[in-house]
Amino acid sequence: MFWREEEIYLMKQSFTKWTFAAVTAAALSLPFATGVYAETSGQTMLAASDTVQKAEEAVSDTWITSKVKSSFLADKNLNGMDIKVETKKGVVALSGMVKTDAERELAIDTAKNIKGVTAVSADALKSAE
């Protein structure tokens, strides 16, 4: 069975609308769920707050890692495929091997300029020079 272009477009449009509606409904229900937990127990609120903070840090760290890596790949003066990027609590750790000291410094400077980066550790990023 082959799908016509119009049918595919309509299916994508329906899926997009459904996804938007589901995300909106979930987002709108969060304040109500928080109120129920707040009445139940202060410990529940503390646990939920801690979980939310950890989730925000993980998302933030993942975003930073992705942004640093994509910046490396977009820069013609860097071989981004040779540089490993990890982030924990805003601290970016770079590792791998680059051709020159200048490329190593460019990688460090590029990572430092990404929003959310608090520090860059590049001890494990070596230069062939």
# chains A, B, ... in the order shown; residues from 1 in each chain; ligands from 1

$ residues_around --residues "range 106-118 of chain A" --least-positions-apart "4" --cutoff "6 Å" --atoms "only C-alpha atoms" --output "list in words"
Val68, Gly90 and Val91 of chain A

$ residues_around --residues "range 72-81 of chain A" --least-positions-apart "2" --cutoff "10 Å" --atoms "only C-alpha atoms" --output "number ranges by chain"
A: 66-70, 83-85, 96-100, 102-104, 106-107, 110-111

$ write_last_selection --atoms "C-alpha atoms" --output "PDB file, in the first residue's frame"
ATOM      1  CA  SER A  66      24.334  18.801  22.890  1.00  0.00           C
ATOM      2  CA  LYS A  67      24.992  22.509  22.342  1.00  0.00           C
ATOM      3  CA  VAL A  68      28.754  22.153  22.909  1.00  0.00           C
ATOM      4  CA  LYS A  69      28.981  19.118  20.620  1.00  0.00           C
ATOM      5  CA  SER A  70      26.918  20.751  17.869  1.00  0.00           C
ATOM      6  CA  ILE A  83      36.226  15.410  21.030  1.00  0.00           C
ATOM      7  CA  LYS A  84      34.093  13.705  23.678  1.00  0.00           C
ATOM      8  CA  VAL A  85      31.841  16.027  25.705  1.00  0.00           C
ATOM      9  CA  GLY A  96      39.967  13.055  23.175  1.00  0.00           C
ATOM     10  CA  MET A  97      42.729  14.022  20.801  1.00  0.00           C
ATOM     11  CA  VAL A  98      43.010  17.104  18.587  1.00  0.00           C
ATOM     12  CA  LYS A  99      45.701  17.978  16.055  1.00  0.00           C
ATOM     13  CA  THR A 100      47.033  21.220  17.486  1.00  0.00           C
ATOM     14  CA  ALA A 102      45.253  25.982  18.868  1.00  0.00           C
ATOM     15  CA  GLU A 103      42.421  23.520  18.161  1.00  0.00           C
ATOM     16  CA  ARG A 104      42.448  22.467  21.846  1.00  0.00           C
ATOM     17  CA  LEU A 106      39.428  26.795  20.469  1.00  0.00           C
ATOM     18  CA  ALA A 107      37.456  23.823  21.824  1.00  0.00           C
ATOM     19  CA  THR A 110      33.875  27.420  22.454  1.00  0.00           C
ATOM     20  CA  ALA A 111      32.626  25.323  25.385  1.00  0.00           C
TER      21      ALA A 111
END

$ atom_distance --atom1 "CA of Thr62 in chain A" --atom2 "CA of Glu105 in chain A"
22.7 Å

$ atom_distance --atom1 "CA of Val120 in chain A" --atom2 "CA of Ser71 in chain A"
14.8 Å
